[in-house]
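Novice: First the structure, which I've put down as structure tokens, then a few questions once you've had a look.
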Amino acid sequence: MPERRSCSPNEPTSANPIAWTERLARALTRPEAYPHGVNRVDMRQTQMSLLFFAGDFVYKVKKPVNLGYLDYSTLAERQRLCHQEVLLNRRLCPDIYLGVVPITEQAGNLRLEAAGDAVEYAVKMRLLPQDKMLDQLITSGLADQSMMQRIAARVALFHSSAETSPHITSFGGIATISHNTNENFSQTEPFIGRTITPATHASLRLYANACLGQHRALLQQRVDEGRIRDCHGDLHAAHVCMTEDVCIYDCIEFNERFRYGDVASEVAFLAMDLDRLRSTALSRAFVNSYVGMSGDNGVATLLPFYACYRAMVRGKVEGFKLSDPLIPRDERHAATWLARTYFELARRYAAGSGLLVLMSGVTATGKSLVASRLGELLAGSVFSSDVVRKRLAGLQPEERAYEPFGHGIYSSAWTRRTYDELLQLATPILADGGCVILDASFLRQAERERAGDVAAGTNSRLALIECNAPLEVLRARLATRASSRGASDGRAEILTGQMDIKEPVQPLPGWSYVTIDTSSCIEYVMEEIWRQI
């Protein structure tokens, strides 16, 4: 391997860091920049790094940025932190992190692992199998509780042997935890109204302060018991690969305050991210397995506080992308909504309860589209009355059931059976503190009140979203829907029948109620719902 040289005093980043980063992005997506044969190079970027996927290897280059909580602004520091990253990540992925390699310049071209003075450095890794990543397995429906047990065993063993010392332990004190939580609130203030609502920001601050007072003795007890360790620091599902030994990669190397901490905070991080991926059952399985294997019962007590804190951290980091000129506009837009998801999840932890969202409205008011988008925003499970109704009848969702309004599977008795099934599907998720969106019409007050009883019985908040649109819009949508292959059997006579039986919404105490005109574009509709829900 070529000699690794220290940085030059005339490093190219000093004049224009953005231009240097853009040059790296262009140069290192060229296959000829690599020492091994590769036909194509793909690039991904975060706020702090560029990642180049070149055949069987991944090269990670740190951007020359100073974000306050990390400082990559000098080549010497980037080189040091590259070596630190390799050293730390070999604790949980010993065969993946191959080392630090130089980027040199030859005849005006940047090359990896070539002779010459280093103008930049990269961490070289073996490419992990993307289809084994935990977030991908969950999205594909392939993750199960046995996987959670394997991950819990890996994390518990890691925590039991992770380094601790008086210096590391000092990061578990109430002063540091308070500083961390306060930093979340100060750093998210510029994003109020963009990624977090004013009410949510205020309620999360009150919750954090209350928890610190309530758990002061327990937090100190955990310091005394040696529960403060040199952890991973960024343990979410995208950083877990279900290889034979369970590889957990990409730990925090740039700020020891983010890596040193209570092991309960680390457990809460992954549990929170599993909740974000709408896998509350897997989240609980992971936590229960960890507690059983480690014997650390304090984790369960502190889980809501630390999960709320970690959700805020992730929401904050996504929000930072909004001001990064190197990140494309569509990625910044996606980051806005992902940040909102994390903050809404934090809000749920602070409330200490699940969330049941009822869609309401006649056919063609756009309930299903709104429900789908709400499932993403609120990290909730979406259950459709159209799908459930046909499943109960032994039909596929796309099969048509053109029954007269009020007859067959659209009779009052069948509708009640369908709603009973929807509420039965929702109950265990709500009992675990999860979120459920019921995509149904809920045209009668009695139906809404039955759902309210389920929410009350599971200690869940209930939000009712009534969708409306002008009659001509509804008719136009139904005309278009006739040729589609969706689950809905809505048509003009169904619309007429539903309008005849629709009862005014009468919100009960504790309900949130939003009424929205869905004739606007879906982005505007969702913006309005986010601000009101």
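Naming works like this for the structure tokens: A, B, ... for the chains as they're shown, residue 1 at the start of each chain, ligands 1 onward in shown order.
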Would you mind listing, for every residue of range 174-268 of chain A within 10 Å of range 323-344 of chain A, the two atoms forming the shortest contact and the distance between them in Å to one decimal, using only C-alpha atoms, sorted by chain and ascending residue number, as JSON lines?

Specialist:
```
{"residue": "A:Phe191", "atom": "CA", "partner": "A:Thr336", "partner_atom": "CA", "distance": 9.7}
{"residue": "A:Arg194", "atom": "CA", "partner": "A:Thr336", "partner_atom": "CA", "distance": 7.3}
{"residue": "A:Thr195", "atom": "CA", "partner": "A:Arg340", "partner_atom": "CA", "distance": 5.0}
{"residue": "A:Ile196", "atom": "CA", "partner": "A:Arg340", "partner_atom": "CA", "distance": 6.0}
{"residue": "A:Thr197", "atom": "CA", "partner": "A:Arg340", "partner_atom": "CA", "distance": 8.8}
{"residue": "A:Thr200", "atom": "CA", "partner": "A:Phe343", "partner_atom": "CA", "distance": 7.7}
{"residue": "A:His201", "atom": "CA", "partner": "A:Phe343", "partner_atom": "CA", "distance": 8.5}
{"residue": "A:Leu204", "atom": "CA", "partner": "A:Phe343", "partner_atom": "CA", "distance": 9.0}
```

Novice: Residues near range 264-275 of chain A, anyone? I mean within 8 Å using only C-alpha atoms, not counting same-chain ones fewer than 3 positions away, as number ranges by chain.

Specialist: A: 231-237, 261, 278-280, 282-284, 286-287, 290, 298-299, 302-304, 306-308, 310-311, 379, 434

Novice: CA of Trp414 in chain A to CA of Val388 in chain A: how many Å, to one decimal?

Specialist: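 CA of Trp414 in chain A sits 10.9 Å away from CA of Val388 in chain A.
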
Novice: Please produce, as CSV, a per-residue contact table for range 355-377 of chain A versus range 512-515 of chain A (criterion: any atom at most 10 Å away, only C-alpha atoms considered), showing the nearest atom pair and its distance in Å to one decimal, sorted by chain then residue number.

Specialist:
```
residue,atom,partner,partner_atom,distance
A:Val357,CA,A:Ser512,CA,9.2
A:Leu358,CA,A:Tyr513,CA,9.6
A:Met359,CA,A:Val514,CA,9.9
A:Ser360,CA,A:Thr515,CA,9.2
A:Gly361,CA,A:Thr515,CA,9.7
```

Novice: Just C-alpha atoms for this one: save the residues we selected as a PDB file, in the first residue's frame.

Specialist:
```
ATOM      1  CA  VAL A 357     -56.010   8.381  13.781  1.00  0.00           C
ATOM      2  CA  LEU A 358     -59.434   7.997  12.198  1.00  0.00           C
ATOM      3  CA  MET A 359     -59.963   9.063   8.627  1.00  0.00           C
ATOM      4  CA  SER A 360     -63.497  10.237   7.927  1.00  0.00           C
ATOM      5  CA  GLY A 361     -65.365  11.300   4.816  1.00  0.00           C
TER       6      GLY A 361
END
```

Novice: Write down as a list in words the residues of range 175-329 of chain A whose backbone DSSP state falls under strand (DSSP E or B).

Specialist: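 Answer for range 175-329 of chain A, restricted to strand (DSSP E or B): Ile192, Ile196, Ile228, Arg229, Asp230, Val240, Cys241, Cys247, Ile248, Tyr260, Gly261 and Asp262 of chain A.
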
Novice: Keeping only C-alpha atoms, write those residues as a PDB file, in the first residue's frame.

Specialist:
```pdb
ATOM      1  CA  ILE A 192     -39.624  25.668  14.489  1.00  0.00           C
ATOM      2  CA  ILE A 196     -41.205  20.888  14.366  1.00  0.00           C
ATOM      3  CA  ILE A 228     -21.793   4.571  31.429  1.00  0.00           C
ATOM      4  CA  ARG A 229     -19.682   3.098  28.625  1.00  0.00           C
ATOM      5  CA  ASP A 230     -17.834   3.884  25.408  1.00  0.00           C
ATOM      6  CA  VAL A 240     -27.131  -3.011  11.563  1.00  0.00           C
ATOM      7  CA  CYS A 241     -26.318  -5.706   9.005  1.00  0.00           C
ATOM      8  CA  CYS A 247     -22.276  -6.349  12.016  1.00  0.00           C
ATOM      9  CA  ILE A 248     -23.053  -2.979  13.636  1.00  0.00           C
ATOM     10  CA  TYR A 260     -19.886   8.025  25.876  1.00  0.00           C
ATOM     11  CA  GLY A 261     -23.160   7.494  27.679  1.00  0.00           C
ATOM     12  CA  ASP A 262     -25.641   5.303  29.443  1.00  0.00           C
TER      13      ASP A 262
END
```

Novice: Within 9 Å of range 40-47 of chain A, counting only C-alpha atoms, which residues show up once you throw out same-chain ones fewer than 2 positions away? Write them as a PDB file with N, CA and C atoms, in the first residue's frame, please.

Specialist:
```pdb
ATOM      1  N   ALA A  25     -16.438  14.844  -5.343  1.00  0.00           N
ATOM      2  CA  ALA A  25     -17.626  14.111  -5.798  1.00  0.00           C
ATOM      3  C   ALA A  25     -17.529  13.781  -7.279  1.00  0.00           C
ATOM      4  N   LEU A  28     -14.199  11.224  -7.881  1.00  0.00           N
ATOM      5  CA  LEU A  28     -14.221   9.869  -7.320  1.00  0.00           C
ATOM      6  C   LEU A  28     -15.430   9.058  -7.772  1.00  0.00           C
ATOM      7  N   THR A  29     -16.236   9.604  -8.640  1.00  0.00           N
ATOM      8  CA  THR A  29     -17.261   8.778  -9.293  1.00  0.00           C
ATOM      9  C   THR A  29     -16.764   8.244 -10.631  1.00  0.00           C
ATOM     10  N   ARG A  30     -15.503   8.549 -10.981  1.00  0.00           N
ATOM     11  CA  ARG A  30     -14.894   8.033 -12.194  1.00  0.00           C
ATOM     12  C   ARG A  30     -14.214   6.690 -11.892  1.00  0.00           C
ATOM     13  N   PRO A  31     -14.564   5.624 -12.586  1.00  0.00           N
ATOM     14  CA  PRO A  31     -13.966   4.308 -12.305  1.00  0.00           C
ATOM     15  C   PRO A  31     -12.443   4.306 -12.344  1.00  0.00           C
ATOM     16  N   VAL A  38     -13.295  -1.507 -11.817  1.00  0.00           N
ATOM     17  CA  VAL A  38     -14.678  -1.260 -11.443  1.00  0.00           C
ATOM     18  C   VAL A  38     -15.374  -0.591 -12.628  1.00  0.00           C
ATOM     19  N   SER A  49     -20.268  13.466   5.160  1.00  0.00           N
ATOM     20  CA  SER A  49     -19.411  12.541   4.425  1.00  0.00           C
ATOM     21  C   SER A  49     -19.899  12.316   3.000  1.00  0.00           C
ATOM     22  N   LEU A  50     -18.936  11.873   2.160  1.00  0.00           N
ATOM     23  CA  LEU A  50     -19.236  11.341   0.831  1.00  0.00           C
ATOM     24  C   LEU A  50     -18.887   9.861   0.849  1.00  0.00           C
ATOM     25  N   LEU A  51     -19.785   9.033   0.334  1.00  0.00           N
ATOM     26  CA  LEU A  51     -19.537   7.601   0.281  1.00  0.00           C
ATOM     27  C   LEU A  51     -19.536   7.152  -1.175  1.00  0.00           C
ATOM     28  N   PHE A  52     -18.485   6.442  -1.555  1.00  0.00           N
ATOM     29  CA  PHE A  52     -18.333   5.984  -2.932  1.00  0.00           C
ATOM     30  C   PHE A  52     -18.375   4.457  -2.959  1.00  0.00           C
ATOM     31  N   PHE A  53     -19.336   3.921  -3.687  1.00  0.00           N
ATOM     32  CA  PHE A  53     -19.533   2.478  -3.778  1.00  0.00           C
ATOM     33  C   PHE A  53     -18.879   1.999  -5.062  1.00  0.00           C
ATOM     34  N   ALA A  54     -17.744   1.311  -4.918  1.00  0.00           N
ATOM     35  CA  ALA A  54     -16.927   0.911  -6.060  1.00  0.00           C
ATOM     36  C   ALA A  54     -16.697  -0.596  -6.014  1.00  0.00           C
ATOM     37  N   GLY A  55     -17.537  -1.323  -6.683  1.00  0.00           N
ATOM     38  CA  GLY A  55     -17.389  -2.775  -6.696  1.00  0.00           C
ATOM     39  C   GLY A  55     -17.615  -3.377  -5.332  1.00  0.00           C
ATOM     40  N   LYS A  63     -16.258  15.302   4.652  1.00  0.00           N
ATOM     41  CA  LYS A  63     -16.341  16.646   4.084  1.00  0.00           C
ATOM     42  C   LYS A  63     -15.570  17.634   4.963  1.00  0.00           C
ATOM     43  N   VAL A  65     -15.896  20.204   6.789  1.00  0.00           N
ATOM     44  CA  VAL A  65     -16.889  21.070   7.416  1.00  0.00           C
ATOM     45  C   VAL A  65     -16.634  21.176   8.915  1.00  0.00           C
ATOM     46  N   VAL A 317     -30.770  16.317  13.294  1.00  0.00           N
ATOM     47  CA  VAL A 317     -29.750  16.054  12.279  1.00  0.00           C
ATOM     48  C   VAL A 317     -30.356  16.100  10.875  1.00  0.00           C
ATOM     49  N   GLU A 318     -31.555  15.550  10.717  1.00  0.00           N
ATOM     50  CA  GLU A 318     -32.220  15.640   9.415  1.00  0.00           C
ATOM     51  C   GLU A 318     -32.506  17.101   9.076  1.00  0.00           C
ATOM     52  N   PHE A 320     -30.783  19.679   9.877  1.00  0.00           N
ATOM     53  CA  PHE A 320     -29.554  20.367   9.479  1.00  0.00           C
ATOM     54  C   PHE A 320     -29.351  20.307   7.961  1.00  0.00           C
ATOM     55  N   LYS A 321     -29.871  19.269   7.319  1.00  0.00           N
ATOM     56  CA  LYS A 321     -29.681  19.124   5.872  1.00  0.00           C
ATOM     57  C   LYS A 321     -30.353  20.251   5.092  1.00  0.00           C
ATOM     58  N   ASP A 324     -27.862  22.788   3.955  1.00  0.00           N
ATOM     59  CA  ASP A 324     -26.633  22.300   3.326  1.00  0.00           C
ATOM     60  C   ASP A 324     -26.744  22.483   1.810  1.00  0.00           C
ATOM     61  N   LEU A 326     -24.902  21.556  -0.545  1.00  0.00           N
ATOM     62  CA  LEU A 326     -24.410  20.436  -1.339  1.00  0.00           C
ATOM     63  C   LEU A 326     -25.448  19.323  -1.483  1.00  0.00           C
ATOM     64  N   ILE A 327     -26.509  19.387  -0.692  1.00  0.00           N
ATOM     65  CA  ILE A 327     -27.533  18.351  -0.750  1.00  0.00           C
ATOM     66  C   ILE A 327     -28.623  18.795  -1.715  1.00  0.00           C
TER      67      ILE A 327
END
```

Novice: Find the residue from A:Ala440, A:Leu219, A:Ala208, A:Met125 that sits nearest to Ser170 in chain A; use only C-alpha atoms when measuring.

Specialist: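 Under the stated criterion, the closest residue is A:Leu219.
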
Novice: Hey, what does DSSP flag as alpha helix (DSSP H) within range 246-467 of chain A? Can you give it to me as number ranges by chain?

Specialist: A: 256-259, 263-276, 280-294, 298-320, 329-351, 367-377, 385-392, 412-431, 445-457

Novice: Show which residues sit within 10 Å of range 363-373 of chain A, as a short mmCIF file (atom, residue, chain, number, x, y, z; two decimals) with N, CA and C atoms, in the first residue's frame. Count only C-alpha atoms, and ignore same-chain residues fewer than 2 positions away.

Specialist:
```cif
data_model
loop_
_atom_site.label_atom_id
_atom_site.label_comp_id
_atom_site.auth_asym_id
_atom_site.auth_seq_id
_atom_site.Cartn_x
_atom_site.Cartn_y
_atom_site.Cartn_z
N VAL A 357 -55.53 7.37 14.72
CA VAL A 357 -56.01 8.38 13.78
C VAL A 357 -57.14 7.77 12.97
N LEU A 358 -58.29 8.43 13.00
CA LEU A 358 -59.43 8.00 12.20
C LEU A 358 -59.56 8.91 10.99
N MET A 359 -59.60 8.32 9.82
CA MET A 359 -59.96 9.06 8.63
C MET A 359 -61.49 9.07 8.54
N SER A 360 -62.06 10.16 8.05
CA SER A 360 -63.50 10.24 7.93
C SER A 360 -63.85 11.01 6.67
N GLY A 361 -64.94 10.61 6.02
CA GLY A 361 -65.37 11.30 4.82
C GLY A 361 -65.98 10.35 3.82
N GLY A 375 -49.27 7.66 7.49
CA GLY A 375 -48.52 6.52 7.99
C GLY A 375 -47.03 6.79 7.97
N GLU A 376 -46.55 7.47 6.92
CA GLU A 376 -45.13 7.82 6.84
C GLU A 376 -44.78 8.90 7.85
N LEU A 377 -45.59 9.95 7.93
CA LEU A 377 -45.30 11.06 8.82
C LEU A 377 -45.32 10.65 10.28
N LEU A 378 -46.29 9.84 10.67
CA LEU A 378 -46.49 9.49 12.07
C LEU A 378 -45.90 8.14 12.44
N ALA A 379 -45.19 7.51 11.50
CA ALA A 379 -44.63 6.17 11.74
C ALA A 379 -45.73 5.24 12.24
N GLY A 380 -46.84 5.24 11.53
CA GLY A 380 -47.99 4.47 11.96
C GLY A 380 -48.37 3.37 11.00
N SER A 381 -49.05 2.36 11.51
CA SER A 381 -49.58 1.27 10.70
C SER A 381 -50.92 1.70 10.12
N VAL A 382 -51.10 1.51 8.82
CA VAL A 382 -52.32 1.91 8.13
C VAL A 382 -53.15 0.67 7.82
N PHE A 383 -54.42 0.68 8.24
CA PHE A 383 -55.33 -0.41 7.93
C PHE A 383 -56.52 0.17 7.15
N SER A 384 -56.82 -0.43 6.01
CA SER A 384 -57.84 0.06 5.11
C SER A 384 -59.12 -0.76 5.23
N SER A 385 -60.26 -0.07 5.37
CA SER A 385 -61.54 -0.77 5.44
C SER A 385 -61.84 -1.48 4.12
N ASP A 386 -61.43 -0.89 2.99
CA ASP A 386 -61.67 -1.54 1.70
C ASP A 386 -60.98 -2.90 1.63
N VAL A 436 -51.67 3.99 14.90
CA VAL A 436 -52.49 3.32 13.89
C VAL A 436 -53.34 4.35 13.18
N ILE A 437 -53.38 4.25 11.85
CA ILE A 437 -54.27 5.08 11.04
C ILE A 437 -55.31 4.17 10.41
N LEU A 438 -56.59 4.42 10.70
CA LEU A 438 -57.68 3.63 10.15
C LEU A 438 -58.27 4.36 8.95
N ASP A 439 -58.04 3.80 7.77
CA ASP A 439 -58.50 4.38 6.52
C ASP A 439 -59.90 3.85 6.24
N ALA A 440 -60.89 4.56 6.77
CA ALA A 440 -62.29 4.17 6.61
C ALA A 440 -63.13 5.44 6.58
N SER A 441 -64.44 5.28 6.37
CA SER A 441 -65.29 6.47 6.22
C SER A 441 -65.72 7.05 7.56
N ILE A 465 -59.56 12.98 11.40
CA ILE A 465 -59.29 13.83 10.24
C ILE A 465 -60.43 13.65 9.25
N GLU A 466 -61.22 14.70 9.09
CA GLU A 466 -62.35 14.65 8.17
C GLU A 466 -61.95 15.25 6.84
N CYS A 467 -62.03 14.45 5.79
CA CYS A 467 -61.66 14.89 4.44
C CYS A 467 -62.91 15.33 3.68
N ASN A 468 -62.79 16.47 3.03
CA ASN A 468 -63.89 17.01 2.24
C ASN A 468 -63.35 17.52 0.91
N ALA A 469 -64.24 17.63 -0.07
CA ALA A 469 -63.90 18.23 -1.37
C ALA A 469 -65.20 18.61 -2.05
N PRO A 470 -65.16 19.59 -2.95
CA PRO A 470 -66.38 19.98 -3.68
C PRO A 470 -66.96 18.80 -4.45
N LEU A 471 -68.28 18.82 -4.62
CA LEU A 471 -68.98 17.70 -5.25
C LEU A 471 -68.46 17.42 -6.65
N VAL A 473 -65.48 17.82 -7.76
CA VAL A 473 -64.19 17.14 -7.63
C VAL A 473 -64.40 15.67 -7.32
N LEU A 474 -65.33 15.38 -6.42
CA LEU A 474 -65.62 13.98 -6.06
C LEU A 474 -66.09 13.20 -7.28
N ARG A 475 -66.99 13.79 -8.05
CA ARG A 475 -67.51 13.09 -9.23
C ARG A 475 -66.42 12.85 -10.27
N ALA A 476 -65.55 13.83 -10.44
CA ALA A 476 -64.46 13.66 -11.41
C ALA A 476 -63.51 12.55 -10.96
N ARG A 477 -63.25 12.49 -9.68
CA ARG A 477 -62.37 11.43 -9.17
C ARG A 477 -63.00 10.06 -9.36
N LEU A 478 -64.30 9.95 -9.11
CA LEU A 478 -64.97 8.67 -9.27
C LEU A 478 -64.96 8.22 -10.72
N ALA A 479 -65.09 9.16 -11.64
CA ALA A 479 -65.05 8.81 -13.06
C ALA A 479 -63.69 8.25 -13.44
N ARG A 481 -61.61 6.82 -11.27
CA ARG A 481 -61.38 5.60 -10.49
C ARG A 481 -61.98 4.37 -11.15
N SER A 488 -60.88 0.26 -3.70
CA SER A 488 -62.16 0.93 -3.51
C SER A 488 -63.15 0.59 -4.62
N ASP A 489 -64.42 0.39 -4.20
CA ASP A 489 -65.51 0.18 -5.16
C ASP A 489 -66.37 1.44 -5.28
N GLY A 490 -65.83 2.59 -4.86
CA GLY A 490 -66.58 3.83 -4.88
C GLY A 490 -67.06 4.19 -6.28
N ARG A 491 -68.31 4.65 -6.35
CA ARG A 491 -68.89 5.12 -7.59
C ARG A 491 -70.02 6.09 -7.24
N ALA A 492 -70.67 6.65 -8.23
CA ALA A 492 -71.61 7.75 -8.00
C ALA A 492 -72.73 7.37 -7.03
N ILE A 494 -72.73 5.12 -4.70
CA ILE A 494 -72.18 4.98 -3.34
C ILE A 494 -72.03 6.36 -2.70
N LEU A 495 -71.52 7.31 -3.49
CA LEU A 495 -71.36 8.68 -2.99
C LEU A 495 -72.70 9.24 -2.52
N THR A 496 -73.74 9.06 -3.33
CA THR A 496 -75.06 9.58 -2.96
C THR A 496 -75.56 8.94 -1.67
N GLN A 498 -73.81 7.56 0.76
CA GLN A 498 -73.01 7.97 1.92
C GLN A 498 -73.36 9.39 2.36
N MET A 499 -73.60 10.26 1.41
CA MET A 499 -73.96 11.63 1.77
C MET A 499 -75.30 11.67 2.51
N ILE A 516 -60.28 19.04 6.57
CA ILE A 516 -59.36 19.49 5.52
C ILE A 516 -60.01 19.34 4.15
N ASP A 517 -59.82 20.35 3.31
CA ASP A 517 -60.27 20.30 1.92
C ASP A 517 -59.17 19.63 1.10
N THR A 518 -59.49 18.47 0.55
CA THR A 518 -58.47 17.69 -0.16
C THR A 518 -58.43 17.98 -1.66
N SER A 519 -59.10 19.04 -2.09
CA SER A 519 -59.05 19.36 -3.52
C SER A 519 -57.73 20.01 -3.90
N ILE A 522 -51.61 17.29 -2.70
CA ILE A 522 -51.39 16.50 -1.49
C ILE A 522 -50.33 17.12 -0.59
N GLU A 523 -49.33 17.79 -1.17
CA GLU A 523 -48.29 18.40 -0.34
C GLU A 523 -48.88 19.49 0.54
N VAL A 525 -52.08 19.71 1.45
CA VAL A 525 -52.97 19.05 2.40
C VAL A 525 -52.19 18.52 3.60
N MET A 526 -51.08 17.84 3.32
CA MET A 526 -50.28 17.27 4.41
C MET A 526 -49.64 18.35 5.27
N ILE A 529 -52.35 19.47 7.65
CA ILE A 529 -52.61 18.47 8.68
C ILE A 529 -51.49 18.45 9.70
#
```

Novice: List the spatial neighbours of Glu85 in chain A as a PyMOL selection string - criterion: any atom at most 12 Å away, only C-alpha atoms, same-chain residues fewer than 2 positions off excluded.

Specialist: chain A and resi 60-62+77-83+87-94+96-100+122-125+232+249-256

Novice: With N, CA and C atoms retained, export the selected residues as a compact mmCIF listing (two decimals), in the first residue's frame.

Specialist:
```
# COMPACT_ATOMS: atom_id res chain seq x y z
N LYS A 60 -15.15 6.04 2.20
CA LYS A 60 -15.85 7.12 2.90
C LYS A 60 -14.90 8.30 3.09
N VAL A 61 -15.29 9.45 2.56
CA VAL A 61 -14.47 10.67 2.63
C VAL A 61 -15.21 11.69 3.48
N LYS A 62 -14.53 12.27 4.43
CA LYS A 62 -15.14 13.26 5.30
C LYS A 62 -15.14 14.63 4.63
N GLU A 77 -6.95 16.78 10.82
CA GLU A 77 -8.00 16.25 11.68
C GLU A 77 -8.82 15.19 10.96
N ARG A 78 -9.04 15.37 9.68
CA ARG A 78 -9.77 14.34 8.93
C ARG A 78 -8.97 13.04 8.89
N GLN A 79 -7.66 13.15 8.72
CA GLN A 79 -6.82 11.95 8.73
C GLN A 79 -6.89 11.26 10.09
N ARG A 80 -6.78 12.03 11.16
CA ARG A 80 -6.83 11.45 12.52
C ARG A 80 -8.17 10.75 12.76
N LEU A 81 -9.24 11.41 12.36
CA LEU A 81 -10.56 10.85 12.63
C LEU A 81 -10.88 9.67 11.72
N CYS A 82 -10.27 9.60 10.56
CA CYS A 82 -10.40 8.39 9.73
C CYS A 82 -9.81 7.19 10.47
N HIS A 83 -8.62 7.37 11.03
CA HIS A 83 -8.01 6.27 11.79
C HIS A 83 -8.83 5.93 13.03
N LEU A 87 -10.55 2.24 13.98
CA LEU A 87 -10.27 1.61 15.27
C LEU A 87 -11.55 1.30 16.04
N LEU A 88 -12.44 2.28 16.11
CA LEU A 88 -13.66 2.11 16.91
C LEU A 88 -14.62 1.12 16.27
N ASN A 89 -14.74 1.16 14.97
CA ASN A 89 -15.72 0.30 14.30
C ASN A 89 -15.27 -1.15 14.22
N ARG A 90 -13.99 -1.39 14.39
CA ARG A 90 -13.54 -2.78 14.40
C ARG A 90 -14.01 -3.51 15.65
N ARG A 91 -14.52 -2.78 16.64
CA ARG A 91 -15.07 -3.43 17.84
C ARG A 91 -16.28 -4.29 17.48
N LEU A 92 -17.11 -3.82 16.57
CA LEU A 92 -18.34 -4.53 16.22
C LEU A 92 -18.36 -5.04 14.77
N CYS A 93 -17.38 -4.61 13.97
CA CYS A 93 -17.26 -5.07 12.58
C CYS A 93 -15.79 -5.30 12.25
N PRO A 94 -15.15 -6.26 12.87
CA PRO A 94 -13.70 -6.39 12.73
C PRO A 94 -13.20 -6.67 11.33
N ILE A 96 -14.70 -5.71 8.39
CA ILE A 96 -15.25 -4.81 7.38
C ILE A 96 -14.38 -3.59 7.16
N TYR A 97 -13.84 -3.05 8.23
CA TYR A 97 -13.04 -1.81 8.14
C TYR A 97 -11.59 -2.16 7.82
N LEU A 98 -11.19 -1.90 6.59
CA LEU A 98 -9.88 -2.35 6.09
C LEU A 98 -8.75 -1.38 6.43
N GLY A 99 -9.05 -0.10 6.57
CA GLY A 99 -8.00 0.86 6.90
C GLY A 99 -8.26 2.22 6.30
N VAL A 100 -7.25 3.09 6.41
CA VAL A 100 -7.31 4.45 5.89
C VAL A 100 -6.39 4.53 4.68
N ALA A 122 -9.43 8.62 2.89
CA ALA A 122 -10.71 7.90 2.88
C ALA A 122 -10.60 6.66 3.76
N VAL A 123 -11.71 6.31 4.39
CA VAL A 123 -11.83 5.03 5.09
C VAL A 123 -12.27 3.99 4.07
N LYS A 124 -11.53 2.90 3.98
CA LYS A 124 -11.85 1.84 3.03
C LYS A 124 -12.53 0.69 3.76
N MET A 125 -13.68 0.26 3.22
CA MET A 125 -14.47 -0.80 3.84
C MET A 125 -14.87 -1.85 2.80
N HIS A 232 -21.55 2.73 20.95
CA HIS A 232 -21.52 2.92 19.50
C HIS A 232 -21.89 4.36 19.16
N TYR A 249 -22.17 -1.12 12.36
CA TYR A 249 -21.09 -0.29 11.83
C TYR A 249 -21.40 1.20 11.95
N ASP A 250 -20.45 2.03 11.50
CA ASP A 250 -20.61 3.49 11.40
C ASP A 250 -20.91 4.14 12.75
N CYS A 251 -20.07 3.87 13.72
CA CYS A 251 -20.24 4.49 15.04
C CYS A 251 -19.76 5.94 15.02
N ILE A 252 -20.03 6.64 16.11
CA ILE A 252 -19.60 8.04 16.24
C ILE A 252 -18.11 8.08 16.59
N GLU A 253 -17.34 8.74 15.76
CA GLU A 253 -15.91 8.86 16.05
C GLU A 253 -15.50 10.30 16.31
N PHE A 254 -16.37 11.26 16.00
CA PHE A 254 -15.96 12.66 15.95
C PHE A 254 -16.24 13.43 17.23
N ASN A 255 -17.00 12.84 18.16
CA ASN A 255 -17.35 13.58 19.38
C ASN A 255 -17.62 12.57 20.49
N GLU A 256 -16.73 12.52 21.46
CA GLU A 256 -16.86 11.51 22.50
C GLU A 256 -18.12 11.73 23.35
```

Novice: Would you pick out the contacts of Gln220 in chain A at 8 Å or less, using only C-alpha atoms, so that residues sharing its chain but fewer than 2 positions from it are not included, and give the list as a ChimeraX atom specification?

Specialist: /A:172-174,216-218,222-224

Novice: Any idea what the distance is between CA of Val454 in chain A and CA of Trp511 in chain A?

Specialist: 12.6 Å

Novice: Quick one, how far is CA of Leu392 in chain A from CA of Gln145 in chain A?

Specialist: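 According to the coordinates, CA of Leu392 in chain A and CA of Gln145 in chain A are separated by 27.8 Å.
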
Novice: Select, from A:Leu157, A:Pro129, A:Ala118, A:Glu105, the residue with the minimum atom-to-atom distance to Val58 in chain A, counting only C-alpha atoms.

Specialist: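 Looking at the shortest contact to Val58 in chain A, the residue is A:Pro129.
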
Novice: Using only C-alpha atoms, can you tell me which of A:Ile18, A:Val263, A:Ala143, A:Val387 comes closest to Thr169 in chain A?

Specialist: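 Using only C-alpha atoms, the shortest distance to Thr169 in chain A belongs to A:Val263.
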
Novice: With a distance cut-off of 9 Å and only C-alpha atoms, select the neighbouring residues of range 176-181 of chain A, excluding the residue or stretch itself and same-chain residues fewer than 6 positions from it, and output the selection as a list in words.

Specialist: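 What passes the distance filter is Ser170, Arg205, Ala208, Asn209, Leu212, Arg257, Phe258, Gly261, Tyr309, Met312 and Val313 of chain A.
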